[in-house]
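For reference, model_16.txt is printed below; it contains compact mmCIF, C-alpha atoms and all ligand atoms.
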# COMPACT_ATOMS: atom_id res chain seq x y z
CA MET L 1 0.00 0.00 0.00
CA ALA L 2 1.28 3.43 -0.85
CA ASP L 3 1.96 5.58 2.20
CA PRO L 4 0.54 9.13 2.16
CA SER L 5 3.16 10.21 4.70
CA LYS L 6 5.79 9.43 2.04
CA ALA L 7 3.99 11.17 -0.82
CA VAL L 8 6.41 12.94 -3.14
CA ARG L 9 6.24 16.72 -2.92
CA GLU L 10 5.46 17.20 -6.62
CA ASN L 11 1.98 15.60 -6.36
CA VAL L 12 -0.79 18.11 -6.99
CA PRO L 13 -3.31 18.31 -4.10
CA GLY L 14 -6.10 15.73 -4.16
CA ALA L 15 -6.90 12.07 -3.56
CA PHE L 16 -4.30 10.39 -5.78
CA PHE L 17 -0.62 10.42 -4.86
CA VAL L 18 2.67 8.70 -5.63
CA ASP L 19 4.98 7.91 -2.74
CA SER L 20 8.76 7.84 -2.51
CA THR L 21 9.03 4.07 -3.15
CA CYS L 22 8.48 4.72 -6.88
CA ILE L 23 11.24 3.16 -9.02
CA ASP L 24 10.50 5.33 -12.07
CA CYS L 25 9.51 2.40 -14.29
CA ASP L 26 7.20 4.51 -16.51
CA THR L 27 4.24 2.09 -16.32
CA CYS L 28 1.81 4.65 -14.83
CA ARG L 29 2.85 7.32 -17.33
CA GLN L 30 2.02 4.94 -20.18
CA LEU L 31 -1.31 3.81 -18.75
CA ALA L 32 -2.55 7.19 -17.50
CA PRO L 33 -0.47 9.87 -19.23
CA ARG L 34 -2.76 12.75 -18.24
CA THR L 35 -2.53 11.86 -14.55
CA PHE L 36 1.11 10.91 -14.02
CA ALA L 37 4.28 12.68 -15.06
CA GLU L 38 8.00 12.32 -14.43
CA ALA L 39 10.01 14.39 -11.98
CA GLY L 40 13.66 13.46 -12.08
CA GLU L 41 13.81 9.85 -10.95
CA HIS L 42 10.21 9.27 -9.91
CA SER L 43 6.64 9.80 -11.04
CA TYR L 44 4.12 12.16 -9.48
CA VAL L 45 0.46 13.04 -9.91
CA ALA L 46 0.44 15.98 -12.29
CA MET L 47 -3.36 16.23 -12.56
CA GLN L 48 -5.98 14.61 -10.35
CA PRO L 49 -7.91 12.11 -12.51
CA GLN L 50 -11.60 12.42 -13.28
CA GLY L 51 -14.00 10.53 -15.55
CA GLU L 52 -12.20 8.12 -17.91
CA ASP L 53 -8.87 9.27 -16.50
CA LEU L 54 -9.94 7.91 -13.14
CA ARG L 55 -10.28 4.41 -14.56
CA ALA L 56 -6.90 4.74 -16.22
CA ALA L 57 -5.33 5.94 -12.96
CA PHE L 58 -6.69 2.91 -11.13
CA ARG L 59 -5.30 0.63 -13.83
CA ALA L 60 -1.93 2.26 -13.19
CA LEU L 61 -2.38 1.75 -9.45
CA VAL L 62 -2.97 -1.97 -10.05
CA ALA L 63 -0.12 -2.34 -12.55
CA CYS L 64 2.47 -0.44 -10.49
CA PRO L 65 5.21 -2.93 -9.49
CA THR L 66 5.95 -1.30 -6.15
CA ALA L 67 2.48 -0.29 -4.91
CA SER L 68 3.70 3.30 -4.96
CA ILE L 69 0.38 4.79 -6.09
CA GLY L 70 -2.33 5.46 -3.54
CA THR L 71 -5.65 7.20 -3.20
CA LEU L 72 -7.40 8.76 -0.25
CA GLY L 73 -10.75 8.64 -2.04
CA GLU L 74 -13.03 5.82 -3.15
CA ASN L 75 -10.92 2.80 -4.01
CA LEU L 76 -11.82 1.20 -7.35
CA ALA L 77 -8.77 -1.06 -7.50
CA ARG L 78 -10.85 -4.24 -7.50
CA GLU L 79 -12.80 -3.05 -10.55
CA ALA L 80 -9.53 -2.08 -12.25
CA MET L 81 -8.04 -5.52 -11.59
CA ALA L 82 -10.92 -7.08 -13.47
CA GLU L 83 -9.93 -5.07 -16.57
CA PHE L 84 -6.69 -7.03 -16.98
CA PRO L 85 -5.67 -8.48 -19.37
CA LEU L 86 -6.31 -5.17 -21.09
CA ALA L 87 -7.21 -5.65 -24.77
CA LEU L 88 -4.94 -3.77 -27.18
CA GLU L 89 -6.37 -5.29 -30.36
CA PRO L 90 -8.20 -8.54 -31.15
CA GLY L 91 -6.15 -11.41 -29.72
CA ILE L 92 -3.53 -9.19 -28.05
CA ALA L 93 -3.62 -7.81 -24.52
CA TYR L 94 -1.43 -6.11 -21.94
CA LEU L 95 -1.26 -8.12 -18.72
CA GLY L 96 -0.55 -5.37 -16.15
CA PHE L 97 0.56 -6.49 -12.68
CA ALA L 98 4.13 -5.44 -13.44
CA SER L 99 6.85 -7.00 -11.32
CA ARG L 100 9.53 -5.26 -9.32
CA ASP L 101 11.83 -8.15 -10.32
CA SER L 102 11.66 -7.02 -13.94
CA TYR L 103 11.81 -3.33 -13.00
CA GLY L 104 8.19 -2.89 -13.97
CA GLY L 105 8.54 -4.60 -17.34
CA SER L 106 5.44 -4.98 -19.51
CA SER L 107 4.11 -8.41 -20.38
CA TYR L 108 1.52 -9.38 -22.95
CA LEU L 109 -0.83 -12.05 -24.13
CA ALA L 110 -1.11 -13.07 -27.80
CA GLY L 111 -3.66 -15.83 -28.14
CA SER L 112 -2.40 -18.59 -25.84
CA TRP L 113 1.11 -17.08 -25.66
CA MET L 114 2.41 -14.99 -22.79
CA ILE L 115 5.29 -12.69 -23.72
CA ASP L 116 7.46 -12.00 -20.68
CA ALA L 117 5.85 -12.52 -17.32
CA PRO L 118 4.04 -10.29 -14.86
CA ARG L 119 4.13 -10.72 -11.12
CA TYR L 120 2.13 -13.56 -9.66
CA HIS L 121 -1.47 -12.57 -9.05
CA PRO L 122 -4.47 -14.90 -8.72
CA ALA L 123 -6.69 -12.36 -10.51
CA LEU L 124 -4.82 -13.17 -13.72
CA PHE L 125 -5.13 -16.91 -13.22
CA THR L 126 -8.88 -16.65 -13.40
CA ARG L 127 -8.90 -14.31 -16.38
CA ILE L 128 -6.43 -16.07 -18.68
CA GLU L 129 -8.37 -18.80 -20.41
CA LYS L 130 -5.53 -20.77 -21.89
CA LEU L 131 -1.75 -20.48 -21.81
CA GLU L 132 0.41 -22.82 -23.87
CA PHE L 133 3.70 -20.94 -24.22
CA ILE L 134 5.57 -18.29 -22.25
CA PHE L 135 8.06 -16.52 -24.49
CA LEU L 136 10.83 -14.87 -22.50
CA THR L 137 12.55 -12.16 -24.51
CA HIS L 138 15.56 -12.13 -22.21
CA ARG L 139 16.92 -12.71 -18.74
CA ASP L 140 15.66 -9.52 -17.08
CA ASP L 141 11.94 -9.98 -17.59
CA VAL L 142 11.18 -13.53 -16.48
CA ALA L 143 9.47 -12.34 -13.21
CA ASP L 144 7.02 -15.07 -12.10
CA ALA L 145 7.10 -17.05 -15.35
CA ALA L 146 7.74 -20.30 -13.46
CA ARG L 147 4.54 -19.93 -11.41
CA TYR L 148 2.42 -19.18 -14.47
CA ALA L 149 4.03 -22.09 -16.32
CA ALA L 150 3.30 -24.46 -13.45
CA HIS L 151 -0.31 -23.31 -13.10
CA PHE L 152 -1.16 -23.51 -16.81
CA LYS L 153 1.30 -26.29 -17.72
CA ALA L 154 2.73 -23.89 -20.31
CA LYS L 155 6.09 -24.32 -22.02
CA ARG L 156 8.65 -21.61 -21.39
CA VAL L 157 10.83 -20.46 -24.30
CA ILE L 158 14.17 -18.70 -23.86
CA HIS L 159 17.42 -18.44 -25.80
CA GLU L 160 20.41 -20.41 -24.57
CA GLY L 161 22.35 -17.15 -24.17
CA ASP L 162 20.07 -16.19 -21.27
CA LEU L 163 19.22 -19.71 -20.11
CA ASP L 164 20.72 -19.24 -16.65
CA ALA L 165 17.74 -16.95 -15.87
CA MET L 166 15.31 -19.85 -16.50
CA PRO L 167 17.43 -23.02 -16.55
CA ASP L 168 14.50 -25.42 -16.59
CA ALA L 169 12.78 -23.79 -19.60
CA GLU L 170 11.09 -26.40 -21.76
CA ILE L 171 12.13 -24.91 -25.14
CA VAL L 172 15.63 -23.50 -25.65
CA LEU L 173 16.44 -21.45 -28.74
CA ARG L 174 19.96 -21.75 -30.09
CA GLY L 175 22.04 -19.80 -32.61
CA ASP L 176 21.12 -16.68 -34.57
CA GLU L 177 18.55 -17.90 -37.07
CA PRO L 178 14.85 -16.96 -36.74
CA VAL L 179 12.63 -19.87 -35.72
CA GLU L 180 8.91 -20.26 -36.43
CA LEU L 181 7.84 -21.74 -33.12
CA ALA L 182 4.23 -22.16 -34.23
CA PRO L 183 2.30 -20.87 -37.26
CA GLY L 184 2.45 -17.08 -37.06
CA PHE L 185 4.87 -16.93 -34.11
CA LEU L 186 8.40 -16.12 -35.27
CA ALA L 187 11.24 -15.87 -32.75
CA ILE L 188 14.06 -13.64 -33.99
CA PRO L 189 17.34 -13.68 -32.04
CA THR L 190 18.40 -10.09 -31.38
CA PRO L 191 21.56 -10.26 -29.25
CA GLY L 192 22.80 -6.96 -27.90
CA HIS L 193 20.89 -5.85 -24.81
CA THR L 194 21.74 -9.32 -23.48
CA ARG L 195 23.51 -12.21 -25.17
CA GLY L 196 20.35 -14.26 -25.51
CA HIS L 197 17.85 -11.51 -26.28
CA CYS L 198 15.10 -12.48 -28.76
CA VAL L 199 12.01 -10.72 -30.07
CA LEU L 200 8.75 -12.35 -31.14
CA LEU L 201 6.89 -11.34 -34.31
CA HIS L 202 3.22 -12.22 -34.54
CA ASP L 203 0.77 -10.86 -37.11
CA GLY L 204 2.84 -7.71 -37.68
CA VAL L 205 3.21 -7.06 -33.95
CA LEU L 206 6.75 -7.11 -32.64
CA PHE L 207 7.15 -7.96 -28.97
CA SER L 208 10.48 -6.24 -28.64
CA GLY L 209 11.57 -6.86 -25.05
CA ASP L 210 14.36 -4.43 -24.22
CA HIS L 211 15.64 -4.25 -27.78
CA LEU L 212 13.48 -1.42 -29.11
CA ALA L 213 10.95 1.16 -27.83
CA TRP L 214 9.70 4.68 -28.57
CA ASP L 215 11.40 7.76 -27.17
CA ARG L 216 8.49 10.06 -26.28
CA ALA L 217 10.67 13.11 -25.77
CA ALA L 218 12.49 12.77 -29.10
CA GLY L 219 9.44 11.41 -30.97
CA GLN L 220 11.37 8.57 -32.55
CA ALA L 221 12.20 4.88 -32.23
CA SER L 222 14.99 4.23 -29.81
CA ALA L 223 17.36 1.72 -28.23
CA HIS L 224 19.20 2.44 -25.02
CA ARG L 225 22.94 2.22 -24.96
CA ASP L 226 23.10 3.03 -21.25
CA VAL L 227 21.28 -0.23 -20.44
CA CYS L 228 22.95 -2.36 -23.10
CA TRP L 229 24.47 -5.11 -20.98
CA TYR L 230 26.14 -7.21 -23.72
CA SER L 231 27.14 -5.54 -27.00
CA TRP L 232 25.98 -2.29 -28.58
CA GLU L 233 27.48 -3.26 -31.95
CA GLN L 234 25.53 -6.53 -31.89
CA GLN L 235 22.38 -4.67 -30.89
CA ARG L 236 22.84 -2.41 -33.91
CA ARG L 237 23.20 -5.43 -36.21
CA SER L 238 20.16 -7.04 -34.56
CA MET L 239 18.18 -3.85 -35.23
CA GLU L 240 19.25 -3.94 -38.85
CA ARG L 241 17.94 -7.46 -39.28
CA LEU L 242 14.45 -6.26 -38.34
CA LEU L 243 14.35 -4.30 -41.63
CA ASP L 244 13.63 -7.66 -43.32
CA TYR L 245 10.23 -7.97 -41.65
CA GLU L 246 6.82 -6.37 -41.98
CA ILE L 247 6.10 -4.74 -38.64
CA ARG L 248 3.13 -2.49 -37.87
CA ARG L 249 3.21 -2.30 -34.08
CA VAL L 250 5.95 -2.53 -31.45
CA LEU L 251 5.08 -3.64 -27.92
CA PRO L 252 8.20 -3.26 -25.77
CA GLY L 253 9.14 -4.65 -22.38
CA HIS L 254 10.04 -1.19 -21.16
CA GLY L 255 9.12 2.16 -22.58
CA GLN L 256 6.48 3.37 -24.94
CA ALA L 257 4.71 1.18 -27.52
CA PHE L 258 4.28 2.53 -31.04
CA GLU L 259 2.40 1.84 -34.23
CA LEU L 260 3.19 2.85 -37.82
CA ALA L 261 2.30 1.64 -41.29
CA PRO L 262 4.84 -1.07 -42.25
CA ALA L 263 6.69 1.11 -44.76
CA ALA L 264 6.93 3.97 -42.25
CA MET L 265 8.03 1.50 -39.58
CA ARG L 266 10.82 0.23 -41.83
CA ALA L 267 11.96 3.81 -42.47
CA GLU L 268 11.82 4.58 -38.74
CA LEU L 269 13.92 1.52 -37.91
CA ALA L 270 16.39 2.29 -40.70
CA ALA L 271 16.84 5.79 -39.25
CA LEU L 272 17.42 4.26 -35.82
CA VAL L 273 20.06 1.90 -37.22
CA GLY L 274 21.76 4.97 -38.68
CA ARG L 275 21.72 6.76 -35.29
CA MET L 276 23.07 3.67 -33.54
S1 LIG L 301 4.15 2.56 -12.05
FE1 LIG L 301 4.74 2.82 -9.89
S2 LIG L 301 6.96 2.47 -9.86
FE2 LIG L 301 6.39 2.78 -11.97
S3 LIG L 301 6.74 4.96 -12.34
FE3 LIG L 301 4.59 4.73 -11.74
S4 LIG L 301 4.54 5.01 -9.52
FE4 LIG L 301 6.65 4.65 -10.10
Represent the structure of the file as structure tokens.
Amino acid sequence: MADPSKAVRENVPGAFFVDSTCIDCDTCRQLAPRTFAEAGEHSYVAMQPQGEDLRAAFRALVACPTASIGTLGENLAREAMAEFPLALEPGIAYLGFASRDSYGGSSYLAGSWMIDAPRYHPALFTRIEKLEFIFLTHRDDVADAARYAAHFKAKRVIHEGDLDAMPDAEIVLRGDEPVELAPGFLAIPTPGHTRGHCVLLHDGVLFSGDHLAWDRAAGQASAHRDVCWYSWEQQRRSMERLLDYEIRRVLPGHGQAFELAPAAMRAELAALVGRM
């Protein structure tokens, strides 16, 4: 529970607040951008939510990995929990319930596939109908994958380069070649951020892990050299290989999602490769 006595000083007066346990993961700013904003190394309530923004703010409260968001007013968290998985488009949903272990990483559902794992929460167990595979983009975002795998008897997929993060994974990807794991689900090794980083392409949607996201401030696609743990040169080459694919939407593990027509997406990624 967020503690009002630790509320950060930037919060505007009113019921909603962020406290000093915030780890600046960006989740609330993505889910409720009119309510939450960034102040240095934490979020704060920039505008008290009303109407539709109130629902979005409660979704952020539920998704927050550190329970750093609180409210002194009516608590609609239970109703917000029931909104997850949150549909993004037919067959694809955002799971919420971000985990501190993955620094608030985003996880998704695509049909019966989970992409990266949220924190354990029974509310999700009852709302996910079927889970056959858990695709782990890389070592940092496995969170509670093992518990979801055990509950749903799902197979976990990870690349051998990051296997020590999930050593008992049922499916281990090897080498650099893309692998069609099931019709319409293409795993593409993208070493760079970590040695075993992979992305998953499904129906034009790229689940990009920590390889690629959108830089809101610059208004362009971006990769982050300051959190590249393995090889920036390899990450650049991995980015270049994405130019071979038709991508219309990018759903990252951290940072902002984005959507462009495939030709514009290719141009955007080519420009990013140039900057890298
Ligand atoms: S979701 Fe929670 S931890 Fe993440 S930035 Fe917002 S308040 Fe901070």
Would you give me, as a Markdown table, each residue of chain L having an atom within 6 Å of an atom of ligand LIG 301 (chain L), along with its shortest atom pair and that distance in Å to one decimal, using all atoms listed in the file and sorting by chain and residue number?
| residue | atom | partner | partner_atom | distance |
| --- | --- | --- | --- | --- |
| L:Val18 | CA | L:LIG301 | S4 | 5.7 |
| L:Cys22 | CA | L:LIG301 | FE4 | 3.7 |
| L:Ile23 | CA | L:LIG301 | S2 | 4.4 |
| L:Asp24 | CA | L:LIG301 | S3 | 3.8 |
| L:Cys25 | CA | L:LIG301 | FE2 | 3.9 |
| L:Asp26 | CA | L:LIG301 | S3 | 4.2 |
| L:Thr27 | CA | L:LIG301 | S1 | 4.3 |
| L:Cys28 | CA | L:LIG301 | FE3 | 4.2 |
| L:His42 | CA | L:LIG301 | FE4 | 5.8 |
| L:Ser43 | CA | L:LIG301 | S3 | 5.0 |
| L:Cys64 | CA | L:LIG301 | S1 | 3.8 |
| L:Pro65 | CA | L:LIG301 | S2 | 5.7 |
| L:Thr66 | CA | L:LIG301 | S2 | 5.4 |
| L:Ser68 | CA | L:LIG301 | S4 | 4.9 |
| L:Ile69 | CA | L:LIG301 | S4 | 5.4 |
Per residue of stretch 30-121 of chain L within 12 Å of stretch 255-269 of chain L, note the shortest atom pair and the distance in Å to one decimal, counting all atoms listed in the file, and order the rows by chain and increasing residue number, as a Markdown table.
| residue | atom | partner | partner_atom | distance |
| --- | --- | --- | --- | --- |
| L:Gln30 | CA | L:Gln256 | CA | 6.7 |
| L:Leu31 | CA | L:Gln256 | CA | 10.0 |
| L:Pro33 | CA | L:Gln256 | CA | 11.1 |
| L:Leu88 | CA | L:Ala257 | CA | 10.9 |
| L:Glu89 | CA | L:Glu259 | CA | 11.9 |
| L:Tyr94 | CA | L:Ala257 | CA | 11.0 |
| L:Tyr103 | CA | L:Gly255 | CA | 11.4 |
| L:Gly104 | CA | L:Gly255 | CA | 10.0 |
| L:Gly105 | CA | L:Gly255 | CA | 8.6 |
| L:Ser106 | CA | L:Gly255 | CA | 8.6 |
| L:Ser107 | CA | L:Gly255 | CA | 11.9 |
| L:Tyr108 | CA | L:Ala257 | CA | 11.9 |
Same residues, C-alpha atoms, output as a PDB file, in the frame of the given file:
ATOM      1  CA  GLN L  30       2.020   4.940 -20.180  1.00  0.00           C
ATOM      2  CA  LEU L  31      -1.310   3.810 -18.750  1.00  0.00           C
ATOM      3  CA  PRO L  33      -0.470   9.870 -19.230  1.00  0.00           C
ATOM      4  CA  LEU L  88      -4.940  -3.770 -27.180  1.00  0.00           C
ATOM      5  CA  GLU L  89      -6.370  -5.290 -30.360  1.00  0.00           C
ATOM      6  CA  TYR L  94      -1.430  -6.110 -21.940  1.00  0.00           C
ATOM      7  CA  TYR L 103      11.810  -3.330 -13.000  1.00  0.00           C
ATOM      8  CA  GLY L 104       8.190  -2.890 -13.970  1.00  0.00           C
ATOM      9  CA  GLY L 105       8.540  -4.600 -17.340  1.00  0.00           C
ATOM     10  CA  SER L 106       5.440  -4.980 -19.510  1.00  0.00           C
ATOM     11  CA  SER L 107       4.110  -8.410 -20.380  1.00  0.00           C
ATOM     12  CA  TYR L 108       1.520  -9.380 -22.950  1.00  0.00           C
TER      13      TYR L 108
END
Exercise: L:Gln235 partners within 7 Å, all atoms listed in the file, chain neighbours under 4 positions left out, as a PyMOL selection string: chain L and resi 190-193+231+239
Residue contacts of L:Glu170 (10 Å, all atoms listed in the file) excluding same-chain residues fewer than 4 positions away, as an MDAnalysis selection string: chainID L and resid 133:134 149 154:158 166
Minimum-distance residue to L:Pro167, chosen among L:Arg139, L:Ile128, L:Tyr148, L:Gln50 (using only C-alpha atoms): L:Arg139
Residues within 7 Å of (-8.6, -12.7, -16.2), file coords, all atoms listed in the file, listed as a list in words: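 The residues that fall inside the cut-off are Ala82, Phe84, Pro85, Ala123, Leu124, Phe125, Thr126, Arg127 and Ile128 of chain L.
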Distance in Å - atom CA of L:Met81 versus atom CA of L:Arg59: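 Atom-to-atom, atom CA of L:Met81 and atom CA of L:Arg59 are spaced 7.1 Å apart.
From atom CA of L:Asp140 back to atom CA of L:Gly274, the distance works out to 26.7 Å.
Ranking L:Leu163, L:Leu272, L:Leu76, L:Val62 by their shortest atom-to-atom distance to L:Leu243, with only C-alpha atoms included, puts L:Leu272 first.
For the atom pair formed by atom CA of L:Ala271 and atom CA of L:Asp176, the distance is 23.3 Å, given to one decimal.
Of the listed residues (L:Ala217, L:Ala77, L:Leu136, L:Val172), L:Ala217 comes nearest to L:Glu38; the distances count all atoms listed in the file.
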Among listed residues L:His202, L:His224, L:Arg249, L:Arg236, nearest L:Ala270 (using all atoms listed in the file): L:Arg236
Shell around L:Val142 at 9 Å using all atoms listed in the file, local window under 4 positions removed, as a list in words: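 In the requested format, the answer is Asp101, Ser102, Asp116, Ala117, Pro118, Leu136, Thr137, His138, Ala146, Ala165 and Met166 of chain L.
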Among the residues L:Ala15, L:Ala143, L:Val8, L:Met1, the one that comes closest to L:Glu74 [using all atoms listed in the file]: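 When distances to L:Glu74 are compared using all atoms listed in the file, the smallest one comes from L:Ala15.
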For L:Val45: contacts at 7 Å, all atoms listed in the file, fewer than 2 positions along chain excluded, given as JSON, numbers by chain: {"L": [11, 12, 16, 17, 18, 35, 36, 37, 47, 48]}
Which centre and which edge lengths, in Å to one decimal, describe the axis-aligned box that holds all listed atoms of stretch 151-158 of chain L after 6 Å is added on each side, as lines of an AutoDock Vina configuration file?
center_x = 6.5
center_y = -22.5
center_z = -18.7
size_x = 27.3
size_y = 19.6
size_z = 23.2
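Minimum distance to L:Ile171 across L:Phe135, L:Ile92, L:Asp203, L:His211 (counting only C-alpha atoms) occurs at L:Phe135.
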